[in-house]
$ cat query_33.cif   # mmCIF, C-alpha atoms
data_my_file
loop_
_atom_site.label_atom_id
_atom_site.label_comp_id
_atom_site.auth_asym_id
_atom_site.auth_seq_id
_atom_site.Cartn_x
_atom_site.Cartn_y
_atom_site.Cartn_z
CA MET A 3 -98.57 50.85 65.65
CA LYS A 4 -95.23 50.88 63.93
CA ASN A 5 -93.00 53.85 64.66
CA ASP A 6 -89.86 54.04 62.55
CA ASN A 7 -88.46 56.74 64.82
CA GLU A 8 -88.25 54.45 67.85
CA TYR A 9 -84.99 52.79 68.85
CA TRP A 10 -85.25 49.52 70.75
CA ILE A 11 -82.48 48.03 72.89
CA LEU A 12 -82.38 44.53 74.38
CA ALA A 13 -80.18 44.33 77.50
CA LEU A 14 -79.36 40.94 79.04
CA SER A 15 -77.84 40.74 82.52
CA GLY A 16 -75.14 38.40 83.79
CA GLY A 17 -75.77 35.74 86.40
CA GLY A 18 -73.95 32.50 85.64
CA ALA A 19 -76.16 29.43 85.67
CA ARG A 20 -79.12 31.70 86.42
CA GLY A 21 -78.97 32.70 82.77
CA LEU A 22 -81.39 29.83 82.24
CA PHE A 23 -84.06 32.26 83.46
CA THR A 24 -83.05 34.76 80.76
CA ALA A 25 -82.96 32.12 78.04
CA ALA A 26 -86.42 30.83 78.99
CA VAL A 27 -87.90 34.35 78.85
CA LEU A 28 -86.24 34.91 75.47
CA GLU A 29 -87.77 31.69 74.19
CA GLU A 30 -91.21 32.87 75.27
CA LEU A 31 -90.64 36.24 73.58
CA GLU A 32 -89.41 34.67 70.35
CA ASN A 33 -92.35 32.28 70.24
CA ALA A 34 -94.72 35.23 70.69
CA ILE A 35 -93.02 37.31 67.98
CA GLY A 36 -92.79 34.42 65.55
CA GLU A 37 -89.27 35.11 64.24
CA PRO A 38 -85.74 35.77 65.56
CA VAL A 39 -85.73 38.30 68.38
CA ALA A 40 -82.76 40.19 66.93
CA ARG A 41 -84.81 41.35 63.95
CA HIS A 42 -86.84 43.60 66.23
CA PHE A 43 -84.08 45.39 68.13
CA ASP A 44 -81.70 48.10 66.97
CA LEU A 45 -79.01 47.14 69.48
CA ILE A 46 -78.43 44.06 71.65
CA ALA A 47 -76.29 44.29 74.79
CA GLY A 48 -75.32 41.47 77.10
CA THR A 49 -72.93 40.81 79.95
CA SER A 50 -71.35 37.51 81.03
CA ILE A 51 -73.90 34.76 80.34
CA GLY A 52 -76.13 37.55 79.02
CA GLY A 53 -73.30 38.42 76.64
CA ILE A 54 -73.15 34.85 75.37
CA LEU A 55 -76.91 34.89 74.84
CA ALA A 56 -76.70 38.30 73.13
CA LEU A 57 -74.07 37.00 70.71
CA GLY A 58 -76.27 34.00 70.00
CA LEU A 59 -79.31 36.16 69.31
CA ALA A 60 -77.29 38.44 67.02
CA LYS A 61 -76.18 35.32 65.11
CA GLU A 62 -79.88 34.40 64.92
CA ILE A 63 -79.44 31.16 66.82
CA PRO A 64 -82.97 30.14 67.88
CA SER A 65 -83.75 30.97 71.49
CA ALA A 66 -84.75 27.36 72.11
CA ARG A 67 -81.25 26.30 71.03
CA LEU A 68 -79.68 28.88 73.35
CA LYS A 69 -81.80 27.62 76.21
CA ALA A 70 -80.64 24.07 75.47
CA LEU A 71 -77.05 25.16 76.16
CA PHE A 72 -77.95 25.08 79.85
CA ASP A 73 -78.38 21.33 79.61
CA HIS A 74 -74.55 21.35 79.82
CA SER A 75 -74.40 23.45 83.01
CA LYS A 76 -73.19 20.56 85.16
CA GLU A 77 -70.23 20.08 82.82
CA ILE A 78 -69.35 23.78 82.96
CA PHE A 79 -69.72 24.12 86.74
CA ASP A 80 -67.96 20.88 87.59
CA PRO A 81 -66.27 21.21 91.02
CA SER A 82 -63.98 18.27 90.30
CA CYS A 83 -62.15 20.53 87.83
CA GLY A 84 -60.85 22.91 90.47
CA PHE A 85 -60.35 23.36 94.20
CA PRO A 86 -63.87 24.16 95.46
CA ARG A 87 -62.82 24.15 99.11
CA TRP A 88 -59.85 26.46 98.62
CA PRO A 89 -60.77 29.21 96.14
CA ILE A 90 -58.00 31.42 97.54
CA PHE A 91 -55.53 29.29 95.57
CA ARG A 92 -57.18 29.16 92.15
CA ALA A 93 -60.45 29.66 90.30
CA ARG A 94 -63.18 27.31 91.36
CA TYR A 95 -63.85 25.97 87.87
CA ARG A 96 -61.91 25.46 84.66
CA ASN A 97 -63.27 27.02 81.48
CA GLU A 98 -62.54 24.29 78.92
CA ALA A 99 -66.07 22.87 78.96
CA LEU A 100 -67.64 26.27 78.29
CA LYS A 101 -65.21 27.03 75.50
CA ALA A 102 -65.78 23.65 73.86
CA LEU A 103 -69.54 24.23 74.00
CA LEU A 104 -69.25 27.64 72.34
CA GLU A 105 -66.89 26.31 69.66
CA ASP A 106 -69.50 23.82 68.51
CA GLU A 107 -70.46 24.56 64.89
CA GLU A 108 -74.13 24.79 65.92
CA VAL A 109 -73.26 27.55 68.38
CA PHE A 110 -70.49 30.02 67.49
CA GLY A 111 -68.04 27.84 65.63
CA LYS A 112 -65.52 30.05 63.83
CA ALA A 113 -67.86 33.03 63.44
CA ILE A 114 -66.47 36.51 64.09
CA ILE A 115 -68.18 39.72 65.15
CA GLY A 116 -67.92 40.93 61.57
CA ASP A 117 -70.26 38.12 60.47
CA LEU A 118 -73.14 39.49 62.56
CA GLU A 119 -75.93 41.44 60.90
CA HIS A 120 -77.25 43.01 64.11
CA ARG A 121 -75.54 45.61 66.32
CA ILE A 122 -74.10 44.39 69.62
CA VAL A 123 -72.18 45.76 72.58
CA ILE A 124 -70.64 43.28 75.03
CA PRO A 125 -68.92 44.56 78.21
CA SER A 126 -65.79 43.00 79.68
CA VAL A 127 -62.85 44.23 81.76
CA ASN A 128 -59.41 44.40 80.18
CA TYR A 129 -57.22 43.26 83.05
CA THR A 130 -54.07 44.01 81.07
CA LYS A 131 -55.00 47.68 80.83
CA GLY A 132 -57.00 47.84 84.06
CA GLU A 133 -60.04 49.39 82.40
CA PRO A 134 -63.45 48.50 80.93
CA SER A 135 -63.61 47.05 77.44
CA PHE A 136 -66.64 46.90 75.16
CA PHE A 137 -66.77 44.57 72.18
CA LYS A 138 -68.89 45.97 69.36
CA THR A 139 -69.97 45.46 65.80
CA PRO A 140 -68.39 48.02 63.41
CA HIS A 141 -71.39 50.37 63.54
CA HIS A 142 -69.14 53.43 63.88
CA THR A 143 -66.26 54.44 61.68
CA ASN A 144 -63.82 54.29 64.63
CA LEU A 145 -64.66 50.65 65.41
CA ARG A 146 -61.94 49.10 63.27
CA ARG A 147 -60.72 46.23 65.48
CA ASP A 148 -63.43 44.19 67.15
CA TRP A 149 -65.06 42.85 63.98
CA GLN A 150 -62.09 40.49 63.59
CA TYR A 151 -62.62 38.77 66.97
CA ARG A 152 -64.20 35.34 67.27
CA LEU A 153 -67.55 35.18 69.04
CA VAL A 154 -66.08 32.37 71.16
CA ASP A 155 -63.34 34.65 72.49
CA VAL A 156 -65.73 37.53 73.18
CA GLY A 157 -68.13 35.21 75.00
CA MET A 158 -65.35 33.76 77.11
CA ALA A 159 -63.96 37.21 77.91
CA THR A 160 -67.25 38.65 79.13
CA ALA A 161 -67.99 35.56 81.25
CA ALA A 162 -64.64 35.11 83.05
CA ALA A 163 -66.12 35.67 86.52
CA PRO A 164 -63.40 36.26 89.15
CA THR A 165 -62.96 33.38 91.64
CA TYR A 166 -65.27 31.22 89.47
CA PHE A 167 -63.31 31.00 86.21
CA PRO A 168 -59.75 31.79 85.14
CA ILE A 169 -58.80 35.02 83.45
CA TYR A 170 -59.37 34.66 79.72
CA SER A 171 -56.62 35.70 77.33
CA PHE A 172 -56.75 36.39 73.61
CA ALA A 173 -55.27 38.94 71.18
CA ASN A 174 -52.44 39.45 73.70
CA GLN A 175 -54.83 40.85 76.30
CA ASP A 176 -56.27 39.45 79.55
CA TYR A 177 -59.99 39.78 80.31
CA VAL A 178 -62.32 39.24 83.26
CA ASP A 179 -66.08 39.31 83.61
CA GLY A 180 -67.99 42.32 82.31
CA GLY A 181 -70.23 42.17 85.36
CA LEU A 182 -67.58 44.09 87.28
CA VAL A 183 -68.54 47.22 85.34
CA ALA A 184 -71.93 46.59 83.73
CA ASN A 185 -73.74 43.47 84.89
CA ALA A 186 -76.96 45.07 83.68
CA PRO A 187 -75.79 46.60 80.38
CA GLY A 188 -78.78 48.82 79.69
CA LEU A 189 -76.99 52.06 80.64
CA ILE A 190 -74.01 51.16 78.47
CA ALA A 191 -76.34 50.36 75.59
CA VAL A 192 -78.18 53.68 75.82
CA HIS A 193 -74.85 55.51 75.77
CA GLU A 194 -73.83 53.42 72.75
CA ALA A 195 -77.04 54.27 70.93
CA LEU A 196 -76.72 58.00 71.55
CA HIS A 197 -73.03 58.39 70.78
CA PHE A 198 -72.01 55.63 68.39
CA ALA A 199 -75.02 53.87 66.87
CA GLY A 200 -76.96 56.60 65.16
CA GLN A 201 -79.70 57.52 67.64
CA PRO A 202 -79.38 61.17 68.72
CA ASP A 203 -82.62 61.42 70.74
CA VAL A 204 -82.96 59.61 74.07
CA GLN A 205 -86.71 60.28 74.01
CA ARG A 206 -87.03 57.71 71.23
CA VAL A 207 -85.11 55.00 73.05
CA HIS A 208 -86.88 51.97 74.55
CA VAL A 209 -85.01 49.37 76.61
CA LEU A 210 -86.12 45.84 77.41
CA SER A 211 -83.95 44.55 80.28
CA ILE A 212 -84.03 40.87 81.22
CA GLY A 213 -82.41 39.80 84.48
CA THR A 214 -81.46 36.43 85.94
CA ALA A 215 -83.78 36.05 88.94
CA GLY A 216 -81.04 36.93 91.40
CA SER A 217 -81.91 37.48 95.03
CA GLY A 218 -79.19 40.09 95.60
CA THR A 219 -76.51 39.86 98.27
CA ALA A 220 -76.71 41.47 101.68
CA MET A 221 -74.53 41.46 104.81
CA ASP A 222 -74.44 38.23 106.74
CA PRO A 223 -74.73 39.19 110.46
CA ALA A 224 -72.51 36.22 111.32
CA LEU A 225 -69.57 37.98 109.67
CA ALA A 226 -67.48 40.60 111.42
CA SER A 227 -67.86 44.15 110.15
CA ASN A 228 -64.08 44.67 110.01
CA MET A 229 -63.20 41.31 108.51
CA GLY A 230 -60.23 40.85 106.20
CA ALA A 231 -59.43 38.07 103.76
CA LEU A 232 -58.26 35.67 106.49
CA VAL A 233 -58.46 37.65 109.73
CA GLY A 234 -60.70 36.01 112.29
CA PHE A 235 -59.97 32.54 111.00
CA LYS A 236 -60.93 30.74 114.21
CA ARG A 237 -64.33 32.41 114.30
CA ARG A 238 -64.83 31.96 110.53
CA ARG A 239 -65.48 35.68 110.20
CA PHE A 240 -63.56 36.58 107.08
CA TRP A 241 -64.47 37.21 103.46
CA PHE A 242 -63.68 33.69 102.33
CA SER A 243 -65.86 32.04 104.93
CA LYS A 244 -69.31 30.69 104.10
CA GLY A 245 -68.80 31.27 100.40
CA TRP A 246 -68.18 34.99 100.67
CA GLY A 247 -65.16 34.80 98.42
CA PHE A 248 -67.72 34.15 95.69
CA ARG A 249 -70.46 36.32 97.13
CA LEU A 250 -68.19 39.37 96.94
CA PHE A 251 -68.54 39.08 93.19
CA GLU A 252 -72.29 38.58 93.49
CA LEU A 253 -72.48 41.70 95.68
CA THR A 254 -70.72 43.69 92.98
CA ILE A 255 -72.93 42.56 90.14
CA SER A 256 -76.24 42.77 92.01
CA SER A 257 -75.46 46.30 93.23
CA GLN A 258 -74.53 47.46 89.75
CA GLU A 259 -77.68 45.90 88.31
CA ALA A 260 -79.88 47.68 90.85
CA MET A 261 -78.20 51.00 90.07
CA SER A 262 -78.52 50.54 86.31
CA ASN A 263 -82.20 49.65 86.41
CA SER A 264 -82.96 52.53 88.76
CA MET A 265 -81.21 55.06 86.51
CA LEU A 266 -82.85 53.68 83.38
CA GLY A 267 -86.20 54.09 85.10
CA HIS A 268 -85.39 57.74 85.79
CA TRP A 269 -84.18 58.42 82.24
CA LEU A 270 -86.74 56.47 80.26
CA GLY A 271 -89.77 56.13 82.53
CA LYS A 272 -92.31 53.81 80.94
CA ARG A 273 -89.96 53.21 78.02
CA HIS A 274 -87.87 50.95 80.23
CA TYR A 275 -89.34 47.46 80.47
CA ALA A 276 -87.67 45.29 83.11
CA ILE A 277 -88.32 41.56 83.24
CA ASP A 278 -86.94 39.83 86.29
CA ALA A 279 -88.09 37.85 89.29
CA VAL A 280 -87.48 37.93 93.01
CA PRO A 281 -87.31 34.31 94.16
CA ARG A 282 -89.15 33.16 97.24
CA PRO A 283 -87.03 32.73 100.40
CA GLN A 284 -87.26 28.96 100.05
CA GLN A 285 -85.69 29.22 96.57
CA THR A 286 -82.78 31.57 97.27
CA ASN A 287 -80.53 28.74 98.44
CA TYR A 288 -80.86 27.20 94.97
CA LEU A 289 -80.05 30.30 92.93
CA ALA A 290 -76.33 30.88 93.34
CA LEU A 291 -74.34 31.74 90.22
CA ASP A 292 -72.99 28.20 90.05
CA ASP A 293 -75.94 26.18 91.36
CA VAL A 294 -76.78 23.67 88.64
CA SER A 295 -78.89 21.33 90.74
CA ASP A 296 -82.23 20.03 89.53
CA GLU A 297 -83.87 22.16 92.21
CA ALA A 298 -82.21 25.30 90.84
CA ARG A 299 -83.29 24.47 87.30
CA GLU A 300 -86.87 23.90 88.41
CA ALA A 301 -86.91 27.18 90.36
CA LEU A 302 -85.47 29.20 87.44
CA LEU A 303 -87.84 27.77 84.86
CA GLY A 304 -90.77 28.35 87.19
CA GLN A 305 -89.76 31.95 87.82
CA ALA A 306 -89.26 32.50 84.08
CA ALA A 307 -92.74 31.22 83.32
CA ILE A 308 -94.26 33.56 85.91
CA ALA A 309 -92.19 36.55 84.76
CA SER A 310 -93.09 35.94 81.12
CA GLN A 311 -96.77 35.73 81.97
CA ASN A 312 -96.64 38.92 84.05
CA HIS A 313 -94.39 41.08 81.87
CA LEU A 314 -94.65 39.88 78.29
CA THR A 315 -98.02 41.50 77.90
CA THR A 316 -99.85 41.61 74.60
CA ASP A 317 -99.15 45.34 74.39
CA LEU A 318 -95.39 44.93 74.86
CA VAL A 319 -95.13 41.98 72.46
CA ASP A 320 -97.12 43.89 69.84
CA LYS A 321 -94.79 46.89 70.16
CA ILE A 322 -91.70 44.71 69.75
CA ARG A 323 -93.20 42.75 66.87
CA ALA A 324 -94.17 45.96 65.07
CA HIS A 325 -90.72 47.47 65.37
CA LYS A 326 -88.62 46.81 62.28
CA PRO A 327 -85.18 48.38 62.69
CA LYS A 328 -83.49 49.97 59.75
CA ALA A 329 -80.58 47.93 58.45
CA PRO A 330 -77.50 48.93 60.46
CA VAL A 331 -74.63 50.67 58.74
CA PHE A 332 -71.34 48.79 59.16
CA PHE A 333 -68.12 50.61 58.34
CA HIS A 334 -65.69 47.68 58.34
CA GLY A 335 -65.51 43.92 57.98
CA PRO A 336 -67.25 41.40 55.71
CA ASN A 337 -70.66 43.08 56.12
CA LYS A 338 -69.38 46.55 55.35
CA ASN A 339 -72.14 48.51 53.63
CA PHE A 340 -70.93 52.08 54.12
CA THR A 341 -70.06 53.82 50.90
CA GLU A 342 -67.50 56.54 51.05
CA PRO A 343 -68.84 59.79 49.60
CA GLU A 344 -67.30 60.64 46.28
CA ALA A 345 -64.83 63.48 46.26
CA PRO A 346 -66.03 66.49 44.28
CA HIS A 347 -64.71 66.52 40.74
CA VAL A 348 -62.06 69.13 40.16
CA PHE A 349 -61.66 70.37 36.59
CA GLU A 350 -58.16 71.00 35.45
CA SER A 351 -57.53 74.53 34.30
CA GLN A 352 -57.03 74.93 30.57
#

$ encode --input "query_33.cif" --output "structure tokens"
Amino acid sequence: MKNDNEYWILALSGGGARGLFTAAVLEELENAIGEPVARHFDLIAGTSIGGILALGLAKEIPSARLKALFDHSKEIFDPSCGFPRWPIFRARYRNEALKALLEDEEVFGKAIIGDLEHRIVIPSVNYTKGEPSFFKTPHHTNLRRDWQYRLVDVGMATAAAPTYFPIYSFANQDYVDGGLVANAPGLIAVHEALHFAGQPDVQRVHVLSIGTAGSGTAMDPALASNMGALVGFKRRRFWFSKGWGFRLFELTISSQEAMSNSMLGHWLGKRHYAIDAVPRPQQTNYLALDDVSDEAREALLGQAAIASQNHLTTDLVDKIRAHKPKAPVFFHGPNKNFTEPEAPHVFESQ
């Protein structure tokens, strides 16, 4: 049954090439709803690849088209474009292929945040300032800047994973991956709803979180407990051995995601719907952030099919389909629809 008082948030996690899992679940959801997913959520949040998908949904790019972007994964994660054996010298991959893909007119083209008709919040880290940064639609009167930014630049900024891709610079600022602060952006989105996006009651908030089928990262017993960046070189017990230069980042994002989902469960109870998958041990070797092998693709699509079947229940789909958000109020930009209240008329004294 429709409830106009409910406030629904879609939160999409980061995970590199594993975002194929997220995109496949979104395709299943959109097929079940029968129209663009964004039309049934009051706020869409996404981090890293989840941020790129969130921007696409808010632009009402069909989920099937977003899923097709992963057909270019081998171009994006091309080891010949960097120094895969020596990541201590430079990022493992260049970012030109990803940027070119996003700049395609069928993806983001020249669109800016101000062109979007659905609320978004996209985490990143402003390396210039040394603090979190959140790109948003102008759904609050104080949000006067972000609406001017290109979706391409925002997508690149939230997905600039340290050691994987270079720092991304635009508007005279340097940015790195939003996963460092909010890989699972559900908590950030709830805060946004309560303080900036017009929802004063947390009891009315529902969050659908979609992960990336990550297996998490735990201590490798072959590594020394007091290892440094290069200490223990002869025994290969240092952070950059066995891929741990990259897995440090994975440890950060998987830990943050676990914390976020746990806290959302405490706050929202049954109003938090988490869709994710724990891969089988045989599949974990194929689910690194940059694994674009055919085996990884098969594993992700298989896990997405299972997760969709298990979690996209008729009850949940019916609730999402029935929810029709009120049109958001935008205070700035090309979609500005906020009308300043008229000043009271003052009669001149005779």

$ resolve_selection --input "query_33.cif" --expression "the PyMOL selection byres ((chain A and resi 292) around 10)" --output "ChimeraX atom specification"
/A:17-20,75-76,78-81,94-95,166,248,288-291,293-295,298

$ resolve_selection --input "query_33.cif" --expression "the PyMOL selection byres ((chain A and resi 195-204) around 10)" --output "NGL selection string"
:A and (7-11 or 44-45 or 121-123 or 139-145 or 189-194 or 205-208 or 269-270 or 330-332)

$ atom_distance --input "query_33.cif" --atom1 "CA of Glu29 in chain A" --atom2 "CA of Ala162 in chain A"
25.0 Å

$ atom_distance --input "query_33.cif" --atom1 "CA of Gly181 in chain A" --atom2 "CA of Glu252 in chain A"
9.1 Å

$ closest_residue --input "query_33.cif" --among "A:Ala70, A:Leu118, A:Ala113, A:Leu59" --to "Pro38 in chain A" --atoms "all atoms listed in the file"
A:Leu59

$ closest_residue --input "query_33.cif" --among "A:Phe340, A:Gly16, A:Leu303, A:Tyr170" --to "Leu182 in chain A" --atoms "all atoms listed in the file"
A:Gly16

$ closest_residue --input "query_33.cif" --among "A:Ala40, A:Ile212, A:Ala186, A:Ala301" --to "Ser264 in chain A" --atoms "only C-alpha atoms"
A:Ala186

$ atom_distance --input "query_33.cif" --atom1 "CA of Pro64 in chain A" --atom2 "CA of Glu107 in chain A"
14.0 Å

$ closest_residue --input "query_33.cif" --among "A:Val209, A:Ile322, A:Arg96, A:Lys338" --to "Ile277 in chain A" --atoms "all atoms listed in the file"
A:Val209

$ residues_around --input "query_33.cif" --residues "Leu318 in chain A" --least-positions-apart "5" --cutoff "9 Å" --atoms "all atoms listed in the file" --output "ChimeraX atom specification"
/A:275,313,323

$ residues_near_point --input "query_33.cif" --point "(-70.8, 41.4, 82.4)" --cutoff "6 Å" --atoms "only C-alpha atoms" --output "PyMOL selection string"
chain A and resi 16+49-50+125-126+160+179-181+184-185
